[in-house]
Amino acid sequence: MSESREYGVGMIGYGGIARVHAYAHASLPFLYRPLPFSTSLRGVCTSRGETAMSAMTEGGMEFATTDPSELIARADIDVVHICTPNDSHRDLAIAALEAGKHVYCEKPLANDLTSARDMLDVAVASGRTHQVTFQYRFVPAIMRAKQLVDEGLVGTPLAFRFCYLHAGYTDGQRPMSWRLDADKSGGGALFDLGSHAIDLLQHLVGDVTRVSAALPTFVHDRPVAAGSDDRVPVHVDDHAVMLMETDTGAVGTVEASRVATGTTDDLTLEVHGTNGALKFDLMDPNWLHVYDGRSDGSPIGGRRGFTKIQTIQEYPEPSALPSPKATVGWLRFHIASLHAFMTNVHEGRVGEPSFADGASVQAVLEAAKESHNTARWADVPDIARSFPA
């Protein structure tokens with residue numbers, strides 16, 4: 001392993017999710033021991049001077065700017081976080097990678113497949129560590145599910161159901177934002193929440209090969225600002241329902257919604273195969289439900305049935321805090337994701353999920369939009385996923 005060193009970190013964007021990233025950096029030395037590296041939040045870039053200065057003060061950073069190129073050019077910045085609207089990811093990531101920086105980019109990778117391909121090409125050529133923030137791969141229950149899938153517990157996947165449901169956009173008076181602007185976001189619930197579900201599907205089941213999608217918009221216009229009588233049209237989906245096939249032969253559904261009344265942060269998944277099955281519910285994240293169909297079914301059912309595995313906070317070493325018996329929470333997933341990224345930076349490896357994984361998700365998003373627009377099945381474009389070690 002490389003000798004210990006400090007990495008300078010620059011944040012581009014400082015909204016809610018960027019503050020989570022900053023919190024994760026501050027948490028690393030408390031939660032992981034020994035930690036063979038340290039990080040220092042050096043600078044922040046936002047679109048307005050006053051927010052940049054506020055972010056610098058809150059994050060304890062050394063400088064603030066409204067010019068991303070200034071942050072990227074600095075010699076004391078080793079790692080760049082991209083926490084901006086989706087349409088800006090391409091240019092920022094490419095500039096940072098070409099400047100020799102490691103890049104940690106929020107999901108989805110971009111707002112269209114062409115941009116995602118461009119980012120992937122530059123990332124591979126750069127030799128820098130690159131990772132997409134699909135933090136749900138770092139839920140202990142999902143980590144255990146991946147191990148069990150690789151060990152053959154599920155067998156050949158046959159069917160799946162992945163859902164990610166929110167209710168925050170049910171209110172038609174909620175004003176416009178970049179997430180509702182098709183040019184900036186690329187899509188609505190499909191991109192915002194569906195990208196997470198699709199990444200987990202491809203992580204656990206197999207690459208999606210074709211899609212049949214319905215992407216309805218229920219609230220067709222929204223106020224330009226809170227309390228305004230002026231309204232503008234909405235051109236992104238509120239809800240996404242997709243039938244999918246994978247390269248493993250499995251068939252199933254993926255659903256994403258921002259208008260699922262009664263939900264909060266409801267990410268659920270089921271995978272059924274020739275040997276067994278898995279179930280997970282983010283609202284009950286301390287457990288993975290596992291069914292091994294190879295267990296003896298007699299007498300009177302034998303030992304066959306779903307087992308509730310207490311994954312709780314069983315992160316591998318060097319995780320040292322909190323106790324593995326402590327209940328796990330949403331922020332912890334982000335911290336574990338960042339730790340994996342920084343460990344790969346320190347050891348000179350490509351991150352996981354990498355830009356290849358992000359581009360693969362982007363290809364599915366693009367196919368879903370095509371399917372909705374044509375009312376037909378759409379094939380998923382092939383994305384190269386192999387990297388040098």
# chains A, B, ... in the order shown; residues from 1 in each chain; ligands from 1

call {"tool": "select_by_dssp", "arguments": {"residues": "segment 48-227 of chain A", "states": "strand (DSSP E or B)", "output": "PDB file with N, CA, C and O atoms, in the first residue's frame"}}
result
ATOM      1  N   PHE A  63     -10.410  28.663   0.091  1.00  0.00           N
ATOM      2  CA  PHE A  63     -10.749  29.651  -0.936  1.00  0.00           C
ATOM      3  C   PHE A  63     -12.107  29.332  -1.529  1.00  0.00           C
ATOM      4  O   PHE A  63     -12.624  28.205  -1.435  1.00  0.00           O
ATOM      5  N   ALA A  64     -12.702  30.353  -2.151  1.00  0.00           N
ATOM      6  CA  ALA A  64     -13.986  30.216  -2.839  1.00  0.00           C
ATOM      7  C   ALA A  64     -13.893  30.938  -4.173  1.00  0.00           C
ATOM      8  O   ALA A  64     -13.173  31.938  -4.311  1.00  0.00           O
ATOM      9  N   THR A  65     -14.632  30.424  -5.165  1.00  0.00           N
ATOM     10  CA  THR A  65     -14.615  31.029  -6.489  1.00  0.00           C
ATOM     11  C   THR A  65     -15.933  30.753  -7.193  1.00  0.00           C
ATOM     12  O   THR A  65     -16.681  29.859  -6.797  1.00  0.00           O
ATOM     13  N   VAL A  79      -8.434  16.139  -5.883  1.00  0.00           N
ATOM     14  CA  VAL A  79      -9.711  15.467  -6.090  1.00  0.00           C
ATOM     15  C   VAL A  79     -10.788  16.517  -6.316  1.00  0.00           C
ATOM     16  O   VAL A  79     -10.869  17.500  -5.563  1.00  0.00           O
ATOM     17  N   VAL A  80     -11.628  16.313  -7.333  1.00  0.00           N
ATOM     18  CA  VAL A  80     -12.717  17.247  -7.622  1.00  0.00           C
ATOM     19  C   VAL A  80     -14.055  16.519  -7.484  1.00  0.00           C
ATOM     20  O   VAL A  80     -14.260  15.455  -8.078  1.00  0.00           O
ATOM     21  N   HIS A  81     -14.937  17.092  -6.689  1.00  0.00           N
ATOM     22  CA  HIS A  81     -16.312  16.611  -6.575  1.00  0.00           C
ATOM     23  C   HIS A  81     -17.193  17.435  -7.509  1.00  0.00           C
ATOM     24  O   HIS A  81     -17.148  18.678  -7.479  1.00  0.00           O
ATOM     25  N   ILE A  82     -18.015  16.766  -8.306  1.00  0.00           N
ATOM     26  CA  ILE A  82     -18.946  17.455  -9.199  1.00  0.00           C
ATOM     27  C   ILE A  82     -20.354  17.235  -8.669  1.00  0.00           C
ATOM     28  O   ILE A  82     -20.894  16.132  -8.731  1.00  0.00           O
ATOM     29  N   HIS A 102      -8.535  13.511  -9.860  1.00  0.00           N
ATOM     30  CA  HIS A 102      -9.456  12.408  -9.663  1.00  0.00           C
ATOM     31  C   HIS A 102     -10.856  13.001  -9.517  1.00  0.00           C
ATOM     32  O   HIS A 102     -11.018  14.078  -8.935  1.00  0.00           O
ATOM     33  N   VAL A 103     -11.867  12.295 -10.030  1.00  0.00           N
ATOM     34  CA  VAL A 103     -13.204  12.892 -10.097  1.00  0.00           C
ATOM     35  C   VAL A 103     -14.249  11.986  -9.446  1.00  0.00           C
ATOM     36  O   VAL A 103     -14.360  10.798  -9.766  1.00  0.00           O
ATOM     37  N   TYR A 104     -15.016  12.594  -8.540  1.00  0.00           N
ATOM     38  CA  TYR A 104     -16.148  11.956  -7.861  1.00  0.00           C
ATOM     39  C   TYR A 104     -17.387  12.711  -8.310  1.00  0.00           C
ATOM     40  O   TYR A 104     -17.574  13.878  -7.947  1.00  0.00           O
ATOM     41  N   CYS A 105     -18.214  12.058  -9.136  1.00  0.00           N
ATOM     42  CA  CYS A 105     -19.300  12.755  -9.823  1.00  0.00           C
ATOM     43  C   CYS A 105     -20.653  12.257  -9.356  1.00  0.00           C
ATOM     44  O   CYS A 105     -20.894  11.047  -9.276  1.00  0.00           O
ATOM     45  N   HIS A 130     -11.984   7.532 -11.069  1.00  0.00           N
ATOM     46  CA  HIS A 130     -13.261   8.182 -11.349  1.00  0.00           C
ATOM     47  C   HIS A 130     -14.373   7.302 -10.806  1.00  0.00           C
ATOM     48  O   HIS A 130     -14.333   6.075 -10.928  1.00  0.00           O
ATOM     49  N   GLN A 131     -15.361   7.933 -10.191  1.00  0.00           N
ATOM     50  CA  GLN A 131     -16.448   7.169  -9.579  1.00  0.00           C
ATOM     51  C   GLN A 131     -17.730   7.979  -9.632  1.00  0.00           C
ATOM     52  O   GLN A 131     -17.711   9.210  -9.539  1.00  0.00           O
ATOM     53  N   VAL A 132     -18.850   7.264  -9.796  1.00  0.00           N
ATOM     54  CA  VAL A 132     -20.175   7.873  -9.763  1.00  0.00           C
ATOM     55  C   VAL A 132     -20.785   7.599  -8.393  1.00  0.00           C
ATOM     56  O   VAL A 132     -20.617   6.515  -7.833  1.00  0.00           O
ATOM     57  N   PRO A 157     -30.684 -15.711 -12.634  1.00  0.00           N
ATOM     58  CA  PRO A 157     -31.803 -14.806 -12.354  1.00  0.00           C
ATOM     59  C   PRO A 157     -32.931 -15.010 -13.363  1.00  0.00           C
ATOM     60  O   PRO A 157     -32.681 -15.148 -14.572  1.00  0.00           O
ATOM     61  N   LEU A 158     -34.150 -15.027 -12.869  1.00  0.00           N
ATOM     62  CA  LEU A 158     -35.313 -15.209 -13.728  1.00  0.00           C
ATOM     63  C   LEU A 158     -36.205 -13.977 -13.777  1.00  0.00           C
ATOM     64  O   LEU A 158     -36.680 -13.592 -14.838  1.00  0.00           O
ATOM     65  N   ALA A 159     -36.438 -13.375 -12.603  1.00  0.00           N
ATOM     66  CA  ALA A 159     -37.370 -12.247 -12.518  1.00  0.00           C
ATOM     67  C   ALA A 159     -36.892 -11.258 -11.470  1.00  0.00           C
ATOM     68  O   ALA A 159     -36.187 -11.635 -10.523  1.00  0.00           O
ATOM     69  N   PHE A 160     -37.291  -9.993 -11.621  1.00  0.00           N
ATOM     70  CA  PHE A 160     -36.880  -8.959 -10.675  1.00  0.00           C
ATOM     71  C   PHE A 160     -37.919  -7.856 -10.619  1.00  0.00           C
ATOM     72  O   PHE A 160     -38.694  -7.643 -11.558  1.00  0.00           O
ATOM     73  N   ARG A 161     -37.909  -7.139  -9.478  1.00  0.00           N
ATOM     74  CA  ARG A 161     -38.745  -5.961  -9.280  1.00  0.00           C
ATOM     75  C   ARG A 161     -37.932  -4.947  -8.483  1.00  0.00           C
ATOM     76  O   ARG A 161     -37.551  -5.225  -7.355  1.00  0.00           O
ATOM     77  N   PHE A 162     -37.643  -3.816  -9.081  1.00  0.00           N
ATOM     78  CA  PHE A 162     -36.905  -2.741  -8.414  1.00  0.00           C
ATOM     79  C   PHE A 162     -37.793  -1.495  -8.429  1.00  0.00           C
ATOM     80  O   PHE A 162     -38.292  -1.108  -9.499  1.00  0.00           O
ATOM     81  N   CYS A 163     -37.972  -0.868  -7.270  1.00  0.00           N
ATOM     82  CA  CYS A 163     -38.781   0.355  -7.173  1.00  0.00           C
ATOM     83  C   CYS A 163     -38.036   1.393  -6.355  1.00  0.00           C
ATOM     84  O   CYS A 163     -37.412   1.057  -5.341  1.00  0.00           O
ATOM     85  N   TYR A 164     -38.129   2.660  -6.789  1.00  0.00           N
ATOM     86  CA  TYR A 164     -37.631   3.760  -5.964  1.00  0.00           C
ATOM     87  C   TYR A 164     -38.689   4.856  -6.024  1.00  0.00           C
ATOM     88  O   TYR A 164     -38.885   5.488  -7.067  1.00  0.00           O
ATOM     89  N   LEU A 165     -39.365   5.073  -4.887  1.00  0.00           N
ATOM     90  CA  LEU A 165     -40.539   5.935  -4.859  1.00  0.00           C
ATOM     91  C   LEU A 165     -40.377   7.083  -3.869  1.00  0.00           C
ATOM     92  O   LEU A 165     -40.026   6.873  -2.708  1.00  0.00           O
ATOM     93  N   VAL A 208     -28.864  -4.535 -18.644  1.00  0.00           N
ATOM     94  CA  VAL A 208     -30.141  -4.416 -19.336  1.00  0.00           C
ATOM     95  C   VAL A 208     -29.886  -4.360 -20.837  1.00  0.00           C
ATOM     96  O   VAL A 208     -29.027  -3.606 -21.306  1.00  0.00           O
ATOM     97  N   THR A 209     -30.635  -5.164 -21.609  1.00  0.00           N
ATOM     98  CA  THR A 209     -30.445  -5.216 -23.051  1.00  0.00           C
ATOM     99  C   THR A 209     -31.556  -4.521 -23.826  1.00  0.00           C
ATOM    100  O   THR A 209     -31.327  -4.019 -24.921  1.00  0.00           O
ATOM    101  N   ARG A 210     -32.790  -4.504 -23.269  1.00  0.00           N
ATOM    102  CA  ARG A 210     -33.851  -3.753 -23.928  1.00  0.00           C
ATOM    103  C   ARG A 210     -34.913  -3.362 -22.920  1.00  0.00           C
ATOM    104  O   ARG A 210     -35.032  -3.956 -21.851  1.00  0.00           O
ATOM    105  N   VAL A 211     -35.677  -2.308 -23.294  1.00  0.00           N
ATOM    106  CA  VAL A 211     -36.587  -1.648 -22.365  1.00  0.00           C
ATOM    107  C   VAL A 211     -37.893  -1.307 -23.075  1.00  0.00           C
ATOM    108  O   VAL A 211     -37.903  -0.893 -24.235  1.00  0.00           O
ATOM    109  N   SER A 212     -38.989  -1.443 -22.336  1.00  0.00           N
ATOM    110  CA  SER A 212     -40.275  -0.884 -22.749  1.00  0.00           C
ATOM    111  C   SER A 212     -40.736   0.032 -21.626  1.00  0.00           C
ATOM    112  O   SER A 212     -40.918  -0.429 -20.493  1.00  0.00           O
ATOM    113  N   ALA A 213     -40.903   1.313 -21.913  1.00  0.00           N
ATOM    114  CA  ALA A 213     -41.101   2.297 -20.849  1.00  0.00           C
ATOM    115  C   ALA A 213     -42.307   3.194 -21.078  1.00  0.00           C
ATOM    116  O   ALA A 213     -42.628   3.546 -22.222  1.00  0.00           O
ATOM    117  N   ALA A 214     -42.929   3.586 -19.968  1.00  0.00           N
ATOM    118  CA  ALA A 214     -43.931   4.648 -19.950  1.00  0.00           C
ATOM    119  C   ALA A 214     -43.453   5.699 -18.962  1.00  0.00           C
ATOM    120  O   ALA A 214     -43.145   5.370 -17.812  1.00  0.00           O
ATOM    121  N   ASP A 221     -47.467  21.934 -15.535  1.00  0.00           N
ATOM    122  CA  ASP A 221     -46.836  23.255 -15.401  1.00  0.00           C
ATOM    123  C   ASP A 221     -46.683  23.563 -13.921  1.00  0.00           C
ATOM    124  O   ASP A 221     -47.438  23.066 -13.082  1.00  0.00           O
ATOM    125  N   ARG A 222     -45.705  24.394 -13.605  1.00  0.00           N
ATOM    126  CA  ARG A 222     -45.404  24.735 -12.214  1.00  0.00           C
ATOM    127  C   ARG A 222     -45.049  26.217 -12.100  1.00  0.00           C
ATOM    128  O   ARG A 222     -44.638  26.853 -13.084  1.00  0.00           O
ATOM    129  N   PRO A 223     -45.184  26.792 -10.882  1.00  0.00           N
ATOM    130  CA  PRO A 223     -44.803  28.189 -10.679  1.00  0.00           C
ATOM    131  C   PRO A 223     -43.315  28.400 -10.939  1.00  0.00           C
ATOM    132  O   PRO A 223     -42.487  27.522 -10.648  1.00  0.00           O
TER     133      PRO A 223
END

call {"tool": "residues_around", "arguments": {"residues": "Phe191 of chain A", "least_positions_apart": "5", "cutoff": "8 Å", "atoms": "only C-alpha atoms", "output": "list in words"}}
result
Pro108, Ser185, Gly186 and Leu365 of chain A

call {"tool": "closest_residue", "arguments": {"among": "A:Gly59, A:Pro29, A:Glu317, A:Val361", "to": "Leu41 of chain A", "atoms": "only C-alpha atoms"}}
result
A:Gly59

call {"tool": "closest_residue", "arguments": {"among": "A:Ala110, A:Val328, A:Leu28, A:Ile335", "to": "Trp287 of chain A", "atoms": "only C-alpha atoms"}}
result
A:Val328

call {"tool": "closest_residue", "arguments": {"among": "A:Thr217, A:Ser354, A:Ser337, A:Gln202", "to": "Phe138 of chain A", "atoms": "only C-alpha atoms"}}
result
A:Ser337

call {"tool": "select_by_dssp", "arguments": {"residues": "segment 330-373 of chain A", "states": "alpha helix (DSSP H)", "output": "ChimeraX atom specification"}}
result
/A:330-347,355-373

call {"tool": "closest_residue", "arguments": {"among": "A:Val122, A:Met176, A:Ala182, A:Val149", "to": "Ala356 of chain A", "atoms": "only C-alpha atoms"}}
result
A:Val122

call {"tool": "closest_residue", "arguments": {"among": "A:Asp199, A:Pro140, A:Gly302, A:Gln173", "to": "Pro324 of chain A", "atoms": "only C-alpha atoms"}}
result
A:Pro140

call {"tool": "closest_residue", "arguments": {"among": "A:Asp183, A:Leu215, A:Phe30, A:Gln135", "to": "Thr374 of chain A", "atoms": "only C-alpha atoms"}}
result
A:Leu215

call {"tool": "residues_around", "arguments": {"residues": "Lys101 of chain A", "least_positions_apart": "5", "cutoff": "9 Å", "atoms": "only C-alpha atoms", "output": "PyMOL selection string"}}
result
chain A and resi 72+77-80+95-96+126+128-129

call {"tool": "residues_around", "arguments": {"residues": "Met56 of chain A", "least_positions_apart": "4", "cutoff": "9 Å", "atoms": "only C-alpha atoms", "output": "MDAnalysis selection string"}}
result
chainID A and resid 42:45 51:52 60:64

call {"tool": "write_last_selection", "arguments": {"atoms": "all heavy atoms", "output": "JSON list (two decimals), in the first residue's frame"}}
result
[["chain", "number", "residue", "atom", "x", "y", "z"],
["A", 42, "ARG", "N", -10.21, 22.02, 0.43],
["A", 42, "ARG", "CA", -9.41, 23.21, 0.13],
["A", 42, "ARG", "C", -10.24, 24.34, -0.48],
["A", 42, "ARG", "O", -9.99, 25.51, -0.19],
["A", 42, "ARG", "CB", -8.28, 22.83, -0.83],
["A", 42, "ARG", "CG", -7.31, 21.81, -0.27],
["A", 42, "ARG", "CD", -6.11, 22.48, 0.40],
["A", 42, "ARG", "NE", -5.33, 21.52, 1.15],
["A", 42, "ARG", "CZ", -4.44, 20.66, 0.64],
["A", 42, "ARG", "NH1", -4.23, 20.65, -0.68],
["A", 42, "ARG", "NH2", -3.77, 19.84, 1.41],
["A", 43, "GLY", "N", -11.17, 23.99, -1.39],
["A", 43, "GLY", "CA", -11.86, 25.06, -2.10],
["A", 43, "GLY", "C", -13.23, 24.65, -2.58],
["A", 43, "GLY", "O", -13.56, 23.46, -2.67],
["A", 44, "VAL", "N", -14.04, 25.67, -2.90],
["A", 44, "VAL", "CA", -15.39, 25.44, -3.35],
["A", 44, "VAL", "C", -15.73, 26.41, -4.47],
["A", 44, "VAL", "O", -15.26, 27.56, -4.47],
["A", 44, "VAL", "CB", -16.40, 25.56, -2.18],
["A", 44, "VAL", "CG1", -16.38, 26.97, -1.59],
["A", 44, "VAL", "CG2", -17.80, 25.16, -2.61],
["A", 45, "CYS", "N", -16.52, 25.96, -5.42],
["A", 45, "CYS", "CA", -16.98, 26.80, -6.52],
["A", 45, "CYS", "C", -18.49, 26.71, -6.62],
["A", 45, "CYS", "O", -19.04, 25.61, -6.69],
["A", 45, "CYS", "CB", -16.34, 26.34, -7.83],
["A", 45, "CYS", "SG", -16.95, 27.20, -9.30],
["A", 51, "THR", "N", -22.91, 32.70, -2.29],
["A", 51, "THR", "CA", -23.04, 31.31, -1.87],
["A", 51, "THR", "C", -21.67, 30.64, -1.78],
["A", 51, "THR", "O", -21.46, 29.76, -0.94],
["A", 51, "THR", "CB", -23.94, 30.52, -2.84],
["A", 51, "THR", "OG1", -23.39, 30.56, -4.16],
["A", 51, "THR", "CG2", -25.35, 31.08, -2.85],
["A", 52, "ALA", "N", -20.75, 31.04, -2.63],
["A", 52, "ALA", "CA", -19.39, 30.50, -2.57],
["A", 52, "ALA", "C", -18.72, 30.87, -1.26],
["A", 52, "ALA", "O", -18.08, 30.02, -0.60],
["A", 52, "ALA", "CB", -18.56, 31.00, -3.75],
["A", 60, "GLY", "N", -15.12, 25.20, 6.11],
["A", 60, "GLY", "CA", -13.78, 25.43, 6.61],
["A", 60, "GLY", "C", -12.73, 25.37, 5.52],
["A", 60, "GLY", "O", -11.59, 24.91, 5.73],
["A", 61, "MET", "N", -13.08, 25.85, 4.34],
["A", 61, "MET", "CA", -12.18, 25.77, 3.19],
["A", 61, "MET", "C", -11.29, 27.01, 3.09],
["A", 61, "MET", "O", -11.54, 28.02, 3.74],
["A", 61, "MET", "CB", -12.99, 25.58, 1.91],
["A", 61, "MET", "CG", -13.88, 24.34, 1.97],
["A", 61, "MET", "SD", -14.90, 24.16, 0.49],
["A", 61, "MET", "CE", -16.18, 23.07, 1.11],
["A", 62, "GLU", "N", -10.28, 26.92, 2.25],
["A", 62, "GLU", "CA", -9.29, 27.97, 2.15],
["A", 62, "GLU", "C", -9.64, 29.03, 1.11],
["A", 62, "GLU", "O", -9.18, 30.17, 1.21],
["A", 62, "GLU", "CB", -7.92, 27.37, 1.81],
["A", 62, "GLU", "CG", -7.42, 26.40, 2.87],
["A", 62, "GLU", "CD", -6.17, 25.65, 2.42],
["A", 62, "GLU", "OE1", -5.59, 26.04, 1.38],
["A", 62, "GLU", "OE2", -5.79, 24.68, 3.10],
["A", 63, "PHE", "N", -10.41, 28.66, 0.09],
["A", 63, "PHE", "CA", -10.75, 29.65, -0.94],
["A", 63, "PHE", "C", -12.11, 29.33, -1.53],
["A", 63, "PHE", "O", -12.62, 28.20, -1.44],
["A", 63, "PHE", "CB", -9.68, 29.70, -2.03],
["A", 63, "PHE", "CG", -9.69, 28.53, -2.97],
["A", 63, "PHE", "CD1", -10.44, 28.57, -4.15],
["A", 63, "PHE", "CD2", -8.96, 27.39, -2.68],
["A", 63, "PHE", "CE1", -10.45, 27.48, -5.01],
["A", 63, "PHE", "CE2", -8.98, 26.30, -3.54],
["A", 63, "PHE", "CZ", -9.73, 26.35, -4.71],
["A", 64, "ALA", "N", -12.70, 30.35, -2.15],
["A", 64, "ALA", "CA", -13.99, 30.22, -2.84],
["A", 64, "ALA", "C", -13.89, 30.94, -4.17],
["A", 64, "ALA", "O", -13.17, 31.94, -4.31],
["A", 64, "ALA", "CB", -15.11, 30.79, -1.99]]

call {"tool": "residues_around", "arguments": {"residues": "Arg19 of chain A", "least_positions_apart": "4", "cutoff": "9 Å", "atoms": "only C-alpha atoms", "output": "list in words"}}
result
Tyr14, Gly15, Tyr23, Ala24, Ala55 and Gly59 of chain A
